[in-house]
Amino acid sequence: MDTVDVELAGRGYPVWIGPGLLADSARWRARIRGRHVLVVSNTTVAPLYLGALTRGLEGLHWSSFLLDDGEMHKTFANVGKVLDALGQLGATRDACVIALGGGVVGDLAGFAAACWMRGIDFIQVPTTLLAMVDSSVGGKTGVNLPVGKNLAGAFHQPRAVVADTDVLASLPQREYLAGVAEIVKGAAIGDPAFFAWLEAHADAIARRDSAPLIEAIARKCRYKAGVVARDETEQGERALLNLGHTFGHALETAGNYSEILHGEGVAIGMVLAARLSERLGMAAADDTRRLVALLERLGLPVAPSRAHQASRLLDLMRLDKKNTAGTLRLILWRGIGRADIVSGVKDDDVLGVLGGA
Ligand SMILES: NC(=O)c1ccc[n+]([C@@H]2O[C@H](COP(=O)([O-])OP(=O)(O)OC[C@H]3O[C@@H](n4cnc5c(N)ncnc54)[C@H](O)[C@@H]3O)[C@@H](O)[C@H]2O)c1
Ligand SMILES: O=C(O)C(=O)C[C@@H](O)[C@H](O)[C@H](O)COP(=O)(O)O
Ligand SMILES: [Zn+2]
């Protein structure tokens with residue numbers, strides 16, 4: 001087992017990564033302070049892992065709430081239903097929400113925990129690769145709105161992250177690869193040595209070989225934990241974790257949250273950001289080629305599978321949370337391991353790269 005510590009004064013927490021952690025309940029149960037526990041999961045994950053988790057809750061007053069499966073269910077209405085379930089449980093301020101699932105469950109359950117009685121504890125038990133390497137770490141919680149991704153939410157840090165890598169055995173390959181995209185993103189933004197390591201281990205990672213996979217999860221979590229510790233609420237550096245996301249979120253929204261996976265949007269979005277950076281003279285074509293080659297070897301998309309109207313995507317990008325009034329702010333790329341937040345990119349340049357999207 002590996003442990004990554006997210007260091008936040010008085011609110012730090014461990015990210016435990018390795019096999020067998022669901023059954024190792026003594027470890028995570030110690031993070032539950034009160035008697036009430038609501039486990040939030042979904043209709044796919046619960047039949048697989050809810051039993052293993054709740055064996056560790058013996059003696060506590062717990063219940064579960066199951067979401068329907070899918071990004072389109074990451075809604076405000078469902079947060080309301082989780083809050084109702086907390087009410088029915090009689091949850092007091094020392095209650096704990098446990099999010100058992102992928103990023104959709106984690107983001108939504110974390111937001112409900114942030115809202116209940118103005119904030120109660122929650123524990124992340126990520127069951128997708130994406131949730132293990134990204135969404136469970138760092139305390140961004142929230143839901144989508146019809147007009148855009150993640151537009152309502154709160155920063156609310158978990159008390160612990162329990163990443164039991166055994167559960168990845170049941171994860172479909174497409175979902176697995178979507179998580180790999182967020183690993184590549186971390187390396188592309190800030191860790192050239194990790195990027196080169198990923199190039200050397202791409203086939204092993206795509207095959208899910210255990211040792212390199214656990215190393216990749218821990219490296220990505222450690223990188224993200226460092227960024228979060230330095231800039232918890234995204235006043236500066238943390239925005240770099242959004243590389244590819246302004247484009248990717250627009251593609252997700254344009255597809256009504258059901259056409260492409262978040263990680264696929266990130267993969268395509270990183271390539272669009274790299275092409276825009278090249279166009280603006282910030283990045284070299286060779287670096288873009290390396291990024292595209294790595295994503296392709298990993299089996300990830302590097303362009304949308306259908307044409308979109310560029311002006312529609314640009315309109316969606318205008319609602320991104322990094323923007324200021326009237327100004328698009330994008331994470332652009334300076335090549336392997338270096339990214340920057342850039343304001344005032346001209347519409348024509350964005351439309352230029354979206355033209356092919
Ligand atoms: N908060 C953050 O910092 C952050 C970071 C990255 C992504 N996100 C969000 O995370 C979401 C994407 O998360 P995701 O990729 O985990 O998608 P997801 O939560 O939809 O899970 C993907 C699919 O895998 C299924 N699944 C989950 N675990 C499984 C398992 N062990 N075995 C079999 N099936 C399993 C789910 O039921 C679902 O069908 C998006 O909403 C994105 O915006 C948030
Ligand atoms: O943790 C962060 O910060 C990130 O930006 C991680 C992203 O991978 C993640 O998709 C996040 O939900 C995006 O946040 P948003 O603020 O752009 O909605
Ligand atoms: Zn993301």
# chains A, B, ... in the order shown; residues from 1 in each chain; ligands from 1
call {"tool": "residues_near_ligand", "arguments": {"ligand": "ligand 3", "cutoff": "7 Å", "atoms": "only C-alpha atoms and all ligand atoms", "output": "list in words"}}
result
Glu182, Asn242, His245, His262, Gly263 and Val266 of chain A
call {"tool": "write_last_selection", "arguments": {"atoms": "N, CA and C atoms", "output": "PDB file, in the first residue's frame"}}
result
ATOM      1  N   GLU A 182      -6.413  11.481 -17.467  1.00  0.00           N
ATOM      2  CA  GLU A 182      -6.136  12.445 -16.388  1.00  0.00           C
ATOM      3  C   GLU A 182      -4.730  12.230 -15.791  1.00  0.00           C
ATOM      4  N   ASN A 242      -6.602  22.238 -15.081  1.00  0.00           N
ATOM      5  CA  ASN A 242      -7.706  22.336 -16.048  1.00  0.00           C
ATOM      6  C   ASN A 242      -7.213  22.220 -17.493  1.00  0.00           C
ATOM      7  N   HIS A 245      -9.526  21.147 -20.300  1.00  0.00           N
ATOM      8  CA  HIS A 245     -10.897  21.054 -19.778  1.00  0.00           C
ATOM      9  C   HIS A 245     -11.868  22.070 -20.379  1.00  0.00           C
ATOM     10  N   HIS A 262     -15.794  12.057 -19.614  1.00  0.00           N
ATOM     11  CA  HIS A 262     -15.004  13.212 -19.188  1.00  0.00           C
ATOM     12  C   HIS A 262     -13.526  13.061 -19.601  1.00  0.00           C
ATOM     13  N   GLY A 263     -12.963  11.903 -19.324  1.00  0.00           N
ATOM     14  CA  GLY A 263     -11.539  11.691 -19.636  1.00  0.00           C
ATOM     15  C   GLY A 263     -11.270  11.764 -21.132  1.00  0.00           C
ATOM     16  N   VAL A 266     -11.096  15.307 -21.991  1.00  0.00           N
ATOM     17  CA  VAL A 266      -9.812  15.869 -21.551  1.00  0.00           C
ATOM     18  C   VAL A 266      -8.716  15.526 -22.561  1.00  0.00           C
TER      19      VAL A 266
END
call {"tool": "select_by_dssp", "arguments": {"residues": "region 118-265 of chain A", "states": "strand (DSSP E)", "output": "JSON, numbers by chain"}}
result
{"A": [121, 122, 123, 124, 125, 126, 140, 141, 142, 143, 144, 145, 148, 149, 150, 151, 152, 153, 154, 155, 160, 161, 162, 163, 164]}
call {"tool": "residues_around", "arguments": {"residues": "region 86-100 of chain A", "least_positions_apart": "2", "cutoff": "9 Å", "atoms": "only C-alpha atoms", "output": "number ranges by chain"}}
result
A: 32-42, 45-46, 49-50, 53, 61-63, 81-84, 102, 105-110, 112-113, 116-127
call {"tool": "write_last_selection", "arguments": {"atoms": "C-alpha atoms", "output": "compact mmCIF listing (two decimals), in the first residue's frame"}}
result
# COMPACT_ATOMS: atom_id res chain seq x y z
CA ILE A 32 -15.68 8.39 11.01
CA ARG A 33 -16.41 10.59 14.01
CA GLY A 34 -20.13 10.16 14.72
CA ARG A 35 -22.71 7.38 14.51
CA HIS A 36 -24.61 8.25 11.30
CA VAL A 37 -23.26 7.21 7.91
CA LEU A 38 -24.89 7.64 4.51
CA VAL A 39 -23.23 5.69 1.72
CA VAL A 40 -23.89 7.27 -1.69
CA SER A 41 -23.25 5.01 -4.66
CA ASN A 42 -24.94 4.09 -7.93
CA VAL A 45 -21.28 -0.02 -8.33
CA ALA A 46 -23.48 -0.88 -5.34
CA TYR A 49 -18.98 -3.33 -3.70
CA LEU A 50 -21.59 -1.95 -1.27
CA LEU A 53 -17.89 -1.60 2.32
CA HIS A 61 -26.46 3.74 12.11
CA TRP A 62 -26.06 3.66 8.31
CA SER A 63 -28.13 3.67 5.17
CA LYS A 81 -32.47 13.58 -2.91
CA VAL A 82 -29.23 12.83 -1.05
CA LEU A 83 -30.06 15.60 1.45
CA ASP A 84 -33.52 14.04 1.92
CA GLY A 102 -16.59 7.11 -9.78
CA VAL A 105 -20.83 9.85 -7.30
CA GLY A 106 -17.85 11.50 -5.58
CA ASP A 107 -18.55 15.01 -6.89
CA LEU A 108 -22.26 14.82 -6.09
CA ALA A 109 -21.97 13.13 -2.69
CA GLY A 110 -19.20 15.54 -1.68
CA ALA A 112 -24.29 17.08 -0.57
CA ALA A 113 -21.90 16.66 2.38
CA TRP A 116 -25.90 19.25 4.89
CA MET A 117 -25.99 21.40 8.02
CA ARG A 118 -23.44 23.64 6.20
CA GLY A 119 -20.84 20.91 5.98
CA ILE A 120 -20.26 17.44 7.37
CA ASP A 121 -17.47 14.91 6.91
CA PHE A 122 -17.17 12.74 3.85
CA ILE A 123 -14.91 9.93 2.77
CA GLN A 124 -14.08 9.19 -0.85
CA VAL A 125 -14.00 5.55 -1.89
CA PRO A 126 -13.18 5.93 -5.60
CA THR A 127 -13.96 2.92 -7.79
call {"tool": "atom_distance", "arguments": {"atom1": "atom 3 (O, counted along the ligand's line) of ligand 2", "atom2": "CA of Met270 (chain A)"}}
result
15.2 Å
call {"tool": "closest_residue", "arguments": {"among": "A:Gln157, A:Ser135, A:Thr165, A:Asn150", "to": "Glu7 (chain A)", "atoms": "only C-alpha atoms"}}
result
A:Gln157
call {"tool": "residues_near_ligand", "arguments": {"ligand": "ligand 2", "cutoff": "6 Å", "atoms": "only C-alpha atoms and all ligand atoms", "output": "list in words"}}
result
Asp134, Gly138, Lys140, Asn150, Arg238, Leu241 and Asn242 of chain A
call {"tool": "write_last_selection", "arguments": {"atoms": "N, CA and C atoms", "output": "PDB file, in the first residue's frame"}}
result
ATOM      1  N   ASP A 134      -7.780  11.500  -9.651  1.00  0.00           N
ATOM      2  CA  ASP A 134      -8.132  12.907  -9.836  1.00  0.00           C
ATOM      3  C   ASP A 134      -9.297  13.354  -8.970  1.00  0.00           C
ATOM      4  N   GLY A 138      -8.593  16.483  -3.555  1.00  0.00           N
ATOM      5  CA  GLY A 138      -8.533  17.933  -3.772  1.00  0.00           C
ATOM      6  C   GLY A 138      -9.767  18.714  -3.415  1.00  0.00           C
ATOM      7  N   LYS A 140     -12.734  19.375  -4.864  1.00  0.00           N
ATOM      8  CA  LYS A 140     -13.706  20.033  -5.758  1.00  0.00           C
ATOM      9  C   LYS A 140     -14.939  19.141  -5.813  1.00  0.00           C
ATOM     10  N   ASN A 150     -20.178  21.367 -14.117  1.00  0.00           N
ATOM     11  CA  ASN A 150     -19.654  21.704 -12.780  1.00  0.00           C
ATOM     12  C   ASN A 150     -19.914  23.160 -12.409  1.00  0.00           C
ATOM     13  N   ARG A 238      -3.517  26.100  -9.244  1.00  0.00           N
ATOM     14  CA  ARG A 238      -4.433  24.955  -9.397  1.00  0.00           C
ATOM     15  C   ARG A 238      -5.170  24.983 -10.733  1.00  0.00           C
ATOM     16  N   LEU A 241      -4.486  22.503 -13.530  1.00  0.00           N
ATOM     17  CA  LEU A 241      -5.075  21.152 -13.575  1.00  0.00           C
ATOM     18  C   LEU A 241      -6.239  21.086 -14.564  1.00  0.00           C
ATOM     19  N   ASN A 242      -6.602  22.238 -15.081  1.00  0.00           N
ATOM     20  CA  ASN A 242      -7.706  22.336 -16.048  1.00  0.00           C
ATOM     21  C   ASN A 242      -7.213  22.220 -17.493  1.00  0.00           C
TER      22      ASN A 242
END
call {"tool": "select_by_dssp", "arguments": {"residues": "region 32-105 of chain A", "states": "helix (DSSP H, G or I)", "output": "ChimeraX atom specification"}}
result
/A:46-57,71-73,76-89,103-105
call {"tool": "write_last_selection", "arguments": {"atoms": "N, CA and C atoms", "output": "tab-separated table (two decimals), in the first residue's frame"}}
result
chain	number	residue	atom	x	y	z
A	46	ALA	N	-22.99	-0.33	-6.61
A	46	ALA	CA	-23.48	-0.88	-5.34
A	46	ALA	C	-23.58	-2.41	-5.35
A	47	PRO	N	-24.15	-3.02	-6.41
A	47	PRO	CA	-24.23	-4.49	-6.37
A	47	PRO	C	-22.85	-5.15	-6.29
A	48	LEU	N	-21.82	-4.44	-6.75
A	48	LEU	CA	-20.47	-5.03	-6.76
A	48	LEU	C	-19.75	-4.84	-5.42
A	49	TYR	N	-19.88	-3.65	-4.83
A	49	TYR	CA	-18.98	-3.33	-3.70
A	49	TYR	C	-19.64	-2.79	-2.43
A	50	LEU	N	-20.95	-2.53	-2.46
A	50	LEU	CA	-21.59	-1.95	-1.27
A	50	LEU	C	-21.49	-2.92	-0.08
A	51	GLY	N	-21.67	-4.21	-0.35
A	51	GLY	CA	-21.61	-5.20	0.73
A	51	GLY	C	-20.24	-5.20	1.41
A	52	ALA	N	-19.19	-5.18	0.60
A	52	ALA	CA	-17.83	-5.21	1.17
A	52	ALA	C	-17.58	-3.97	2.02
A	53	LEU	N	-18.11	-2.84	1.56
A	53	LEU	CA	-17.89	-1.60	2.32
A	53	LEU	C	-18.68	-1.62	3.63
A	54	THR	N	-19.95	-2.02	3.54
A	54	THR	CA	-20.81	-1.86	4.71
A	54	THR	C	-20.52	-2.91	5.79
A	55	ARG	N	-19.78	-3.97	5.43
A	55	ARG	CA	-19.33	-4.89	6.48
A	55	ARG	C	-18.48	-4.15	7.50
A	56	GLY	N	-17.84	-3.09	7.04
A	56	GLY	CA	-17.00	-2.29	7.95
A	56	GLY	C	-17.78	-1.27	8.76
A	57	LEU	N	-19.10	-1.21	8.53
A	57	LEU	CA	-19.89	-0.18	9.23
A	57	LEU	C	-20.72	-0.77	10.37
A	71	GLU	N	-23.26	10.37	-16.18
A	71	GLU	CA	-22.94	11.79	-16.01
A	71	GLU	C	-24.20	12.66	-16.01
A	72	MET	N	-25.22	12.24	-16.77
A	72	MET	CA	-26.46	13.06	-16.85
A	72	MET	C	-27.21	13.07	-15.52
A	73	HIS	N	-26.79	12.24	-14.57
A	73	HIS	CA	-27.46	12.23	-13.26
A	73	HIS	C	-26.69	13.04	-12.21
A	76	PHE	N	-28.42	18.88	-9.67
A	76	PHE	CA	-28.88	19.53	-8.45
A	76	PHE	C	-30.04	18.74	-7.83
A	77	ALA	N	-30.94	18.24	-8.71
A	77	ALA	CA	-32.10	17.50	-8.20
A	77	ALA	C	-31.64	16.30	-7.38
A	78	ASN	N	-30.59	15.63	-7.83
A	78	ASN	CA	-30.11	14.46	-7.09
A	78	ASN	C	-29.41	14.85	-5.79
A	79	VAL	N	-28.80	16.03	-5.76
A	79	VAL	CA	-28.23	16.49	-4.47
A	79	VAL	C	-29.37	16.62	-3.46
A	80	GLY	N	-30.49	17.16	-3.93
A	80	GLY	CA	-31.66	17.30	-3.05
A	80	GLY	C	-32.10	15.95	-2.50
A	81	LYS	N	-32.04	14.92	-3.37
A	81	LYS	CA	-32.47	13.58	-2.91
A	81	LYS	C	-31.48	13.02	-1.87
A	82	VAL	N	-30.21	13.30	-2.05
A	82	VAL	CA	-29.23	12.83	-1.05
A	82	VAL	C	-29.47	13.56	0.28
A	83	LEU	N	-29.79	14.85	0.20
A	83	LEU	CA	-30.06	15.60	1.45
A	83	LEU	C	-31.32	15.04	2.13
A	84	ASP	N	-32.32	14.67	1.33
A	84	ASP	CA	-33.52	14.04	1.92
A	84	ASP	C	-33.13	12.74	2.62
A	85	ALA	N	-32.24	11.97	2.00
A	85	ALA	CA	-31.82	10.70	2.61
A	85	ALA	C	-31.08	10.96	3.92
A	86	LEU	N	-30.31	12.03	3.98
A	86	LEU	CA	-29.63	12.37	5.25
A	86	LEU	C	-30.66	12.74	6.31
A	87	GLY	N	-31.71	13.43	5.86
A	87	GLY	CA	-32.78	13.79	6.79
A	87	GLY	C	-33.48	12.55	7.34
A	88	GLN	N	-33.76	11.62	6.42
A	88	GLN	CA	-34.44	10.38	6.86
A	88	GLN	C	-33.57	9.56	7.81
A	89	LEU	N	-32.26	9.63	7.59
A	89	LEU	CA	-31.34	8.91	8.47
A	89	LEU	C	-31.27	9.57	9.86
A	103	GLY	N	-16.23	9.41	-10.38
A	103	GLY	CA	-16.24	10.84	-10.15
A	103	GLY	C	-17.62	11.45	-10.05
A	104	VAL	N	-18.59	10.86	-10.74
A	104	VAL	CA	-19.95	11.40	-10.67
A	104	VAL	C	-20.48	11.27	-9.24
A	105	VAL	N	-20.37	10.08	-8.68
A	105	VAL	CA	-20.83	9.85	-7.30
A	105	VAL	C	-20.03	10.72	-6.34
call {"tool": "atom_distance", "arguments": {"atom1": "CA of Asp315 (chain A)", "atom2": "CA of Leu354 (chain A)"}}
result
11.8 Å
